[in-house]
Amino acid sequence: MGKLYVFGGRQRELGLKEMTYEEEWSRYESALIAEVDPETREIRICVEYQSPREARAGDKPSANFHSGAIVGDTLYTCTTTEVLIYHLPAFRLTGYISLPCFNDVHHVTPTTDGNLLVVSTGLDMVVKVSRKGEVLEEWSALADEALWTRFSRTIDYRQVATTKPHRAHPNYVFELGGELWVTRFYQRDAISLNDSHNKIELGGEMPHDGIVHGDRIYFTAVDGKIAVVNRETLKVEHMVDLREIQDKGYLVLPAWCRGLLLVNERTMWVGFTRMRRTKFRENLRWVKAYIPDTRLAKPTHIALFDIVEKKCLKEIELESYGVDTIFSIFPVPEQKRDNESIDPGKQIAIISNDAQSNEHNLQS
């Protein structure tokens with residue numbers, strides 16, 4: 001069983017006045033990438049990161065690495081306002097893009113044509129950008145709302161702490177059959193962003209990840225379910241309730257279920273983030289159902305499931321290593337050791353304040 005990369009963040013130490021509610025847009029102090037060895041359970045932090053002042057709202061912004069992708073020896077990830085590209089295994093930063101339309105960014109992934117798709121969740125939209133940060137295309141995640149209806153092109157949304165409540169809260173974008181798709185939290189579905197108007201009705205609770213694997217598409221639902229969808233019919237074939245598998249013999253309150261890595265069609269790693277108090281409960285019926293309960297919450301962890309035998313094969317706790325929230329899980333690529341040194345004068349695409357790419361010297 002190979003090593004894993006886990007994307008997430010470390011929570012701030014809270015003062016007494018902050019213990020009741022600490023909102024997600026200020027809760028996490030550092031974005032983290034951790035390397036996990038499932039065999040030895042050894043964990044090391046590979047990257048710890050905070051956004052620069054020009055790409056964050058206020059002095060106490062939340063810092064997380066959200067969902068991304070790994071292609072060969074290139075790792076793509078994002079914070080709430082930035083896209084970062086690293087060369088593995090040395091985590092040498094080779095690309096950086098931050099645009100005024102980036103707010104609460106949840107996912108970035110490369111496209112088949114060599115550009116990048118970015119889910120700007122705070123603006124209920126998906127953006128296609130070049131490697132130099134040029135905006136090539138934009139899509140609204142709402143069929144009944146044109147782009148820039150609730151928002152303004154003249155505002156730098158990186159400086160806006162939150163635009164909640166969202167109408168769609170898109171989370172994860174993927175390509176399927178020549179079309180671009182995005183999951184929508186509130187509508188409990190995934191929709192095509194092209195002109196086909198195709199939709200995958202997921203029902204149940206709100207989806208997060210959408211992973212295409214073979215003949216199926218696998219969606220996490222944040223309440224702990226996996227929806228298995230036939231990629232031809234776009235219909236749910238079955239739902240797997242991971243709580244029923246994992247919670248046997250345990251006392252555990254709900255956790256955010258997001259971050260999915262398919263080992264094969266029956267075995268998968270899934271991330272679980274301990275739920276904290278927040279004024280935005282996201283209308284989660286499953287949370288409300290557990291509120292009167294006195295059961296204890298499990299710490300943030302990843303778990304390996306056999307969804308055919310319905311067994312939890314392994315759990316690895318991450319909170320004691322400072323990883324308090326999880327967004328993505330990836331296999332560590334097999335590759336030669338990277339002996340390249342980091343060049344502090346490396347030219348990369350960097351922050352754009354006017355939607356035009358600038359070149360800037362990155363200081364290591």
# chains A, B, ... in the order shown; residues from 1 in each chain; ligands from 1

$ residues_around --residues "range 143-156 of chain A" --least-positions-apart "6" --cutoff "9 Å" --atoms "only C-alpha atoms" --output "MDAnalysis selection string"
chainID A and resid 99:103 123:125 197 353

$ select_by_dssp --residues "range 102-184 of chain A" --states "helix (DSSP H, G or I)" --output "list of chain:residue names"
A:Thr121, A:Gly122, A:Leu123, A:Tyr157, A:Arg158, A:Gln159

$ write_last_selection --atoms "N, CA and C atoms" --output "tab-separated table (two decimals), in the first residue's frame"
chain	number	residue	atom	x	y	z
A	121	THR	N	-16.28	28.90	-5.54
A	121	THR	CA	-17.52	28.56	-4.84
A	121	THR	C	-18.24	29.79	-4.32
A	122	GLY	N	-17.48	30.77	-3.84
A	122	GLY	CA	-18.10	31.97	-3.28
A	122	GLY	C	-18.86	32.79	-4.28
A	123	LEU	N	-18.56	32.64	-5.58
A	123	LEU	CA	-19.28	33.36	-6.63
A	123	LEU	C	-20.19	32.43	-7.41
A	157	TYR	N	-12.85	40.04	-4.97
A	157	TYR	CA	-13.50	39.16	-4.00
A	157	TYR	C	-12.49	38.39	-3.15
A	158	ARG	N	-11.20	38.50	-3.45
A	158	ARG	CA	-10.20	37.93	-2.56
A	158	ARG	C	-10.16	38.69	-1.25
A	159	GLN	N	-10.62	39.94	-1.27
A	159	GLN	CA	-10.62	40.78	-0.08
A	159	GLN	C	-11.95	40.69	0.69

$ select_by_dssp --residues "range 54-203 of chain A" --states "strand (DSSP E or B)" --output "PyMOL selection string"
chain A and resi 67+69-71+74-78+83-87+92-97+105-110+116-120+125-129+135-140+170-176+179-184+189-192+199-201

$ residues_around --residues "Arg231 in chain A" --least-positions-apart "6" --cutoff "8 Å" --atoms "only C-alpha atoms" --output "ChimeraX atom specification"
/A:215-217

$ write_last_selection --atoms "N, CA and C atoms" --output "tab-separated table (two decimals), in the first residue's frame"
chain	number	residue	atom	x	y	z
A	215	ASP	N	-16.07	2.76	-15.36
A	215	ASP	CA	-17.44	2.93	-15.83
A	215	ASP	C	-18.33	3.64	-14.81
A	216	ARG	N	-17.76	4.14	-13.76
A	216	ARG	CA	-18.56	4.74	-12.70
A	216	ARG	C	-18.06	6.14	-12.35
A	217	ILE	N	-18.93	6.91	-11.71
A	217	ILE	CA	-18.55	8.19	-11.10
A	217	ILE	C	-18.90	8.06	-9.62

$ atom_distance --atom1 "CA of Thr183 in chain A" --atom2 "CA of Asp209 in chain A"
7.3 Å
